[in-house]
Amino acid sequence: MNMNYALLLIAVPLAVAFLQPLFGMISKKFTKWVTFLTLAFNFVYSLCLLNYVMTNGPQIAVIGNWRPPFGINLYLSALSLFLATIIYFVGTVVSFYFIGIKDKPIDDKLSLVMLLVVGAAGAIVMTGDLFNMFVFIEILSIGTAILIASRDKGLSYKGALKYMIFGSIGSSMLLFAIGFTYGTLGTLNLAEIALRFHEINPTLASFIVLMFTGGVFVEAELFPFNMWVPDSYEGASPHINAILSGIVSTAGIYAIMRVFMTVFGINIGDRIVIYGKLNFNAILITIGVITTAIGELSALTQKNIKKILAFSSMAQMGVIAFAIGIGNQIALTGGIFHLFNHAISKALLFLVAAMIIRNIGSADIDDMEGFGRHNKFLAIIFAIGAFGIIGIPFFNGFWSKMYIIDGAVMRSTPWTYFALSFILGAALIEAFYYFRIIYKMFNDKKITAKNRIHPFAYISVALLAIVVLTVGIYPSLFSNILNHASAGIFDRVQYITTVLGMGVLR
Amino acid sequence: MISAIFFYSTAFVLFLIGLFGVLTRKNVIKILVSFSITETAVNLFLVTVGYIEGGKAPILTNTIGSIGIHNLKFVDPLPQALVLTAIVIGLGTTALSLVIAIKLYKNYGTLNITKMDGKI
């Protein structure tokens with residue numbers, strides 16, 4: 001099998017995206033179907049590639065026959081393709097939901113941007129080159145800003161501007177980090193940097209890592225760079241939030257995992273330590289705890305359902321950063337699993353929230369009192385998603401959080417136990433505010449519906465709920481993929497030999 | 001001949017000026033100008049990283065055989081490609097931010113970000 005066909009995963013969405021204005025001349029509905037079909041193709045194709053990679057080991061796609069370390073290559077491992085599959089799956093479901101929304105004049109442009117964002121996120125998780133990663137992060141952040149602004153309200157422009165401010169500062173810092181890496185090592189190929197990163201002076205290495213955080217923490221919604229989260233999520237349409245939370249943050253966390261662990265890390269004992277003067281693992285754990293604490297406490301005080309879900313999304317990213325900071329394989333497996341669970345459950349919650357807001361015409365949770373009596377199906381689906389995020393036993397979040405706790409206990413230093421207690425306490429707060437919403441929904445109160453909901457919307461959330469329930473009841477479904485995926489981060493030698501072994505220096 | 005350290009320090013100072021502008025200015029347009037300054041700083045830095053004195057374009061020609069391949073100073077085109085891409089991306093970002101600024105002015109009647117708070 002020629003792996004170069006994997007390029008279609010990036011080329012098809014980008015090519016179709018710029019044809020959308022032409023399709024838009026036929027009909028706005030048509031562009032939405034094109035978006036859906038393109039992303040569905042990507043989903044199926046990445047699933048096939050994932051299957052191939054699981055049996056034959058990681059592969060690389062060399063572009064234009066410029067073998068690594070020159071030229072550009074895509075690295076196709078279990079982790080990349082697993083996350084790409086999640087991204088395309090969430091994209092497919094959201095675009096299916098998008099078909100059911102009433103047509104607006106800008107819908108062909110929105111389909112264009114949606115394809116760009118999903119295509120760029122898929123490219124971030126597959127690329128093996130720092131320069132490419134930068135370009136796709138930029139495409140992702142520009143596209144995301146357009147999506148946020150597309151609601152055409154004052155608040156959404158404010159959210160988009162905030163996102164642009166953080167994104168631009170972050171990308172400048174990222175470029176600085178790339179410049180320093182190139183200046184010291186003379187290469188931007190991730191595998192070659194991974195091979196030679198420990199040759200750099202430890203102080204400079206720490207500086208590069210710190211500069212790098214600016215670029216990827218924005219997308220990953222981690223602490224100092226997450227101030228855009230409340231405004232942007234509140235300003236954007238709720239189904240756009242499903243993309244923000246399910247796709248953009250997944251790509252951001254992947255960039256952190258791949259670059260910080262595989263490329264900047266060194267294997268010490270049973271875990272990966274980020275190379276440099278600073279103990280960046282401890283910093284990452286601290287950032288994770290701070291992000292989680294801020295996210296959960298802010299969510300508790302909010303009344304707007306979009307803001308509650310946004311802060312909850314931020315908190316989950318903190319939990320994953322904590323898992324990355326611990327750095328042993330079990331915690332990493334848990335981190336990847338939690339990333340999957342978060343993407344699915346949060347996309348589900350945001351889509352249900354979008355339907356509820358559309359149905360009752362308000363985003364305030366006080367106005368949702370009695371919604372469960374009015375529309376049982378949606379309320380139950382919302383409860384399923386919420387249970388998945390909280391981690392009630394026999395829902396998907398439970399298993400991933402168990403992995404993370406297991407990894408943290410294995411690490412067993414006083415600081416990890418202390419941080420873990422914070423994460424668990426935050427999970428309690430989370431359970432409290434989700435149960436409050438669910439309780440309000442099932443209160444006895446008459447509610448008047450304003451707008452009808454399209455059946456496509458029901459189908460898309462039902463699909464996500466089925467995934468949540470399946471993973472919760474049968475968590476070993478993905479255990480093989482997850483083990484391969486975390487080994488893909490953990491086994492740095494395999495990464496380097498797979499990429500450079502194909503190269504000119506073999 | 002100005003040494004490379006001059007350009008490095010200029011890039012760093014420019015970056016700090018831009019960052020200061022972004023953090024302290026209240027006017028959206030001034031914030032966007034500060035962004036442009038940071039972008040320029042990064043581009044200057046990248047060009048300086050890739051600069052080799054007396055370097056030549058990495059193209060194989062007939063004259064190379066007589067000089068000997070090890071006596072040649074080739075410039076790696078990678079930083080140049082990086083800077084070109086960064087400039088184009090910077091253009092796109094600035095254009096989009098300016099559009100957002102126009103829309104903000106139409107919605108709020110002001111460009112001051114502190115005065116926008118509290119209004120919906």
# chains A, B, ... in the order shown; residues from 1 in each chain; ligands from 1

$ residues_around --residues "stretch 9-19 of chain A" --least-positions-apart "5" --cutoff "6 Å" --atoms "only C-alpha atoms" --output "list of chain:residue names"
A:Asn42, A:Leu112, A:Leu115, A:Leu116, A:Gly119, A:Ala123

$ interface_residues --of "chain A" --to "chain B" --cutoff "9 Å" --atoms "only C-alpha atoms" --output "PDB file with N, CA and C atoms, in the first residue's frame"
ATOM      1  N   PHE A 131       7.645  23.094  10.790  1.00  0.00           N
ATOM      2  CA  PHE A 131       7.204  24.187   9.939  1.00  0.00           C
ATOM      3  C   PHE A 131       5.757  23.963   9.494  1.00  0.00           C
ATOM      4  N   VAL A 135       2.270  26.126  10.137  1.00  0.00           N
ATOM      5  CA  VAL A 135       1.355  26.612   9.101  1.00  0.00           C
ATOM      6  C   VAL A 135      -0.063  26.128   9.381  1.00  0.00           C
ATOM      7  N   GLU A 138      -1.703  27.891  12.207  1.00  0.00           N
ATOM      8  CA  GLU A 138      -2.185  29.211  11.776  1.00  0.00           C
ATOM      9  C   GLU A 138      -3.491  29.104  11.012  1.00  0.00           C
ATOM     10  N   ILE A 139      -3.572  28.134  10.074  1.00  0.00           N
ATOM     11  CA  ILE A 139      -4.824  27.954   9.327  1.00  0.00           C
ATOM     12  C   ILE A 139      -5.953  27.666  10.302  1.00  0.00           C
ATOM     13  N   ILE A 142      -6.901  30.932  12.294  1.00  0.00           N
ATOM     14  CA  ILE A 142      -7.639  31.909  11.487  1.00  0.00           C
ATOM     15  C   ILE A 142      -9.047  31.390  11.211  1.00  0.00           C
ATOM     16  N   ALA A 145     -11.230  31.654  14.260  1.00  0.00           N
ATOM     17  CA  ALA A 145     -11.686  33.021  14.520  1.00  0.00           C
ATOM     18  C   ALA A 145     -12.855  33.373  13.609  1.00  0.00           C
ATOM     19  N   ILE A 146     -12.781  32.941  12.336  1.00  0.00           N
ATOM     20  CA  ILE A 146     -13.893  33.232  11.418  1.00  0.00           C
ATOM     21  C   ILE A 146     -15.159  32.515  11.898  1.00  0.00           C
ATOM     22  N   ALA A 149     -16.656  34.370  14.764  1.00  0.00           N
ATOM     23  CA  ALA A 149     -17.263  35.643  14.375  1.00  0.00           C
ATOM     24  C   ALA A 149     -18.526  35.447  13.546  1.00  0.00           C
ATOM     25  N   ASP A 152     -22.271  36.798  13.886  1.00  0.00           N
ATOM     26  CA  ASP A 152     -22.629  38.162  13.512  1.00  0.00           C
ATOM     27  C   ASP A 152     -23.344  38.906  14.637  1.00  0.00           C
ATOM     28  N   LYS A 153     -22.841  38.775  15.851  1.00  0.00           N
ATOM     29  CA  LYS A 153     -23.322  39.569  16.984  1.00  0.00           C
ATOM     30  C   LYS A 153     -22.106  40.302  17.551  1.00  0.00           C
ATOM     31  N   GLY A 154     -22.344  41.363  18.306  1.00  0.00           N
ATOM     32  CA  GLY A 154     -21.230  42.079  18.903  1.00  0.00           C
ATOM     33  C   GLY A 154     -20.352  41.170  19.745  1.00  0.00           C
ATOM     34  N   LEU A 155     -21.024  40.312  20.524  1.00  0.00           N
ATOM     35  CA  LEU A 155     -20.304  39.434  21.431  1.00  0.00           C
ATOM     36  C   LEU A 155     -19.391  38.466  20.678  1.00  0.00           C
ATOM     37  N   TYR A 157     -17.985  38.962  17.744  1.00  0.00           N
ATOM     38  CA  TYR A 157     -16.793  39.651  17.240  1.00  0.00           C
ATOM     39  C   TYR A 157     -15.802  39.888  18.364  1.00  0.00           C
ATOM     40  N   LYS A 158     -16.325  40.187  19.565  1.00  0.00           N
ATOM     41  CA  LYS A 158     -15.425  40.376  20.701  1.00  0.00           C
ATOM     42  C   LYS A 158     -14.675  39.077  21.000  1.00  0.00           C
ATOM     43  N   ALA A 160     -14.064  36.650  18.900  1.00  0.00           N
ATOM     44  CA  ALA A 160     -13.117  36.382  17.821  1.00  0.00           C
ATOM     45  C   ALA A 160     -11.869  37.229  17.977  1.00  0.00           C
ATOM     46  N   LEU A 161     -12.056  38.511  18.361  1.00  0.00           N
ATOM     47  CA  LEU A 161     -10.894  39.383  18.542  1.00  0.00           C
ATOM     48  C   LEU A 161     -10.000  38.872  19.659  1.00  0.00           C
ATOM     49  N   MET A 164      -8.102  36.017  18.405  1.00  0.00           N
ATOM     50  CA  MET A 164      -7.031  36.450  17.510  1.00  0.00           C
ATOM     51  C   MET A 164      -5.857  37.025  18.298  1.00  0.00           C
ATOM     52  N   ILE A 165      -6.142  37.797  19.365  1.00  0.00           N
ATOM     53  CA  ILE A 165      -5.059  38.389  20.151  1.00  0.00           C
ATOM     54  C   ILE A 165      -4.180  37.282  20.719  1.00  0.00           C
ATOM     55  N   SER A 168      -2.355  35.323  17.916  1.00  0.00           N
ATOM     56  CA  SER A 168      -1.232  35.992  17.262  1.00  0.00           C
ATOM     57  C   SER A 168      -0.007  36.019  18.162  1.00  0.00           C
ATOM     58  N   ILE A 169      -0.222  36.352  19.444  1.00  0.00           N
ATOM     59  CA  ILE A 169       0.911  36.340  20.368  1.00  0.00           C
ATOM     60  C   ILE A 169       1.499  34.938  20.439  1.00  0.00           C
ATOM     61  N   SER A 172       3.523  34.119  17.352  1.00  0.00           N
ATOM     62  CA  SER A 172       4.833  34.779  17.336  1.00  0.00           C
ATOM     63  C   SER A 172       5.819  34.025  18.219  1.00  0.00           C
ATOM     64  N   MET A 173       5.333  33.619  19.396  1.00  0.00           N
ATOM     65  CA  MET A 173       6.214  32.871  20.296  1.00  0.00           C
ATOM     66  C   MET A 173       6.616  31.539  19.682  1.00  0.00           C
ATOM     67  N   LEU A 175       6.890  30.882  16.518  1.00  0.00           N
ATOM     68  CA  LEU A 175       7.887  31.131  15.470  1.00  0.00           C
ATOM     69  C   LEU A 175       9.260  31.384  16.077  1.00  0.00           C
ATOM     70  N   PHE A 176       9.293  32.096  17.209  1.00  0.00           N
ATOM     71  CA  PHE A 176      10.567  32.295  17.905  1.00  0.00           C
ATOM     72  C   PHE A 176      11.172  30.944  18.289  1.00  0.00           C
ATOM     73  N   ILE A 178      10.611  28.086  16.909  1.00  0.00           N
ATOM     74  CA  ILE A 178      11.049  27.396  15.696  1.00  0.00           C
ATOM     75  C   ILE A 178      12.382  27.972  15.218  1.00  0.00           C
ATOM     76  N   GLY A 179      12.511  29.314  15.287  1.00  0.00           N
ATOM     77  CA  GLY A 179      13.755  29.943  14.881  1.00  0.00           C
ATOM     78  C   GLY A 179      14.927  29.487  15.727  1.00  0.00           C
ATOM     79  N   PHE A 180      14.723  29.412  17.049  1.00  0.00           N
ATOM     80  CA  PHE A 180      15.800  28.946  17.933  1.00  0.00           C
ATOM     81  C   PHE A 180      16.155  27.497  17.636  1.00  0.00           C
ATOM     82  N   TYR A 182      15.773  25.909  14.811  1.00  0.00           N
ATOM     83  CA  TYR A 182      16.499  25.854  13.536  1.00  0.00           C
ATOM     84  C   TYR A 182      17.912  26.399  13.703  1.00  0.00           C
ATOM     85  N   GLY A 183      18.047  27.499  14.471  1.00  0.00           N
ATOM     86  CA  GLY A 183      19.359  28.096  14.630  1.00  0.00           C
ATOM     87  C   GLY A 183      20.348  27.186  15.326  1.00  0.00           C
ATOM     88  N   GLY A 186      19.618  23.291  13.016  1.00  0.00           N
ATOM     89  CA  GLY A 186      19.658  23.341  11.560  1.00  0.00           C
ATOM     90  C   GLY A 186      18.635  22.463  10.877  1.00  0.00           C
ATOM     91  N   THR A 187      17.585  22.080  11.578  1.00  0.00           N
ATOM     92  CA  THR A 187      16.575  21.237  10.947  1.00  0.00           C
ATOM     93  C   THR A 187      15.228  21.522  11.571  1.00  0.00           C
ATOM     94  N   LEU A 188      14.172  21.224  10.847  1.00  0.00           N
ATOM     95  CA  LEU A 188      12.833  21.364  11.414  1.00  0.00           C
ATOM     96  C   LEU A 188      12.072  20.046  11.395  1.00  0.00           C
TER      97      LEU A 188
END

$ atom_distance --atom1 "atom CA of A:Ala363" --atom2 "atom CA of A:Asp108"
26.5 Å

$ select_by_dssp --residues "stretch 184-395 of chain A" --states "strand (DSSP E or B)" --output "JSON, numbers by chain"
{"A": [189, 265, 266, 267, 268, 271, 272, 273, 274, 304, 328, 364]}

$ write_last_selection --atoms "C-alpha atoms" --output "CSV table (one decimal), in the first residue's frame"
chain,number,residue,atom,x,y,z
A,189,ASN,CA,12.1,17.7,11.0
A,265,GLY,CA,11.6,14.6,26.0
A,266,ILE,CA,14.1,12.0,27.1
A,267,ASN,CA,13.3,8.6,28.5
A,268,ILE,CA,14.3,8.3,32.2
A,271,ARG,CA,8.6,7.9,32.1
A,272,ILE,CA,9.4,10.7,29.8
A,273,VAL,CA,11.0,13.8,31.2
A,274,ILE,CA,11.1,17.0,29.1
A,304,ASN,CA,-25.1,30.4,30.7
A,328,ASN,CA,4.5,7.5,32.4
A,364,ASP,CA,-29.8,30.4,30.7

$ closest_residue --among "A:Ile437, A:Ala487, A:Val467, A:Ala293" --to "A:Ser421" --atoms "only C-alpha atoms"
A:Ala293

$ closest_residue --among "A:Ile193, A:Leu482, A:Val248, A:Ala431" --to "A:Val125" --atoms "only C-alpha atoms"
A:Val248

$ residues_around --residues "A:Lys440" --least-positions-apart "2" --cutoff "9 Å" --atoms "only C-alpha atoms" --output "ChimeraX atom specification"
/A:365-366,368-372,435-438,442-444

$ atom_distance --atom1 "atom CA of A:Ile384" --atom2 "atom CA of A:Val93"
17.1 Å

$ atom_distance --atom1 "atom CA of A:Ala347" --atom2 "atom CA of A:Phe82"
17.0 Å

$ residues_around --residues "A:Ser206" --least-positions-apart "4" --cutoff "8 Å" --atoms "only C-alpha atoms" --output "number ranges by chain"
A: 202, 210, 275-278, 280

$ closest_residue --among "A:Pro238, A:Gly391, A:Gly143, A:Gly159" --to "A:Leu351" --atoms "only C-alpha atoms"
A:Pro238

$ closest_residue --among "A:Pro414, A:Gly472, A:Gly91, A:Gly327" --to "A:Phe394" --atoms "only C-alpha atoms"
A:Gly472
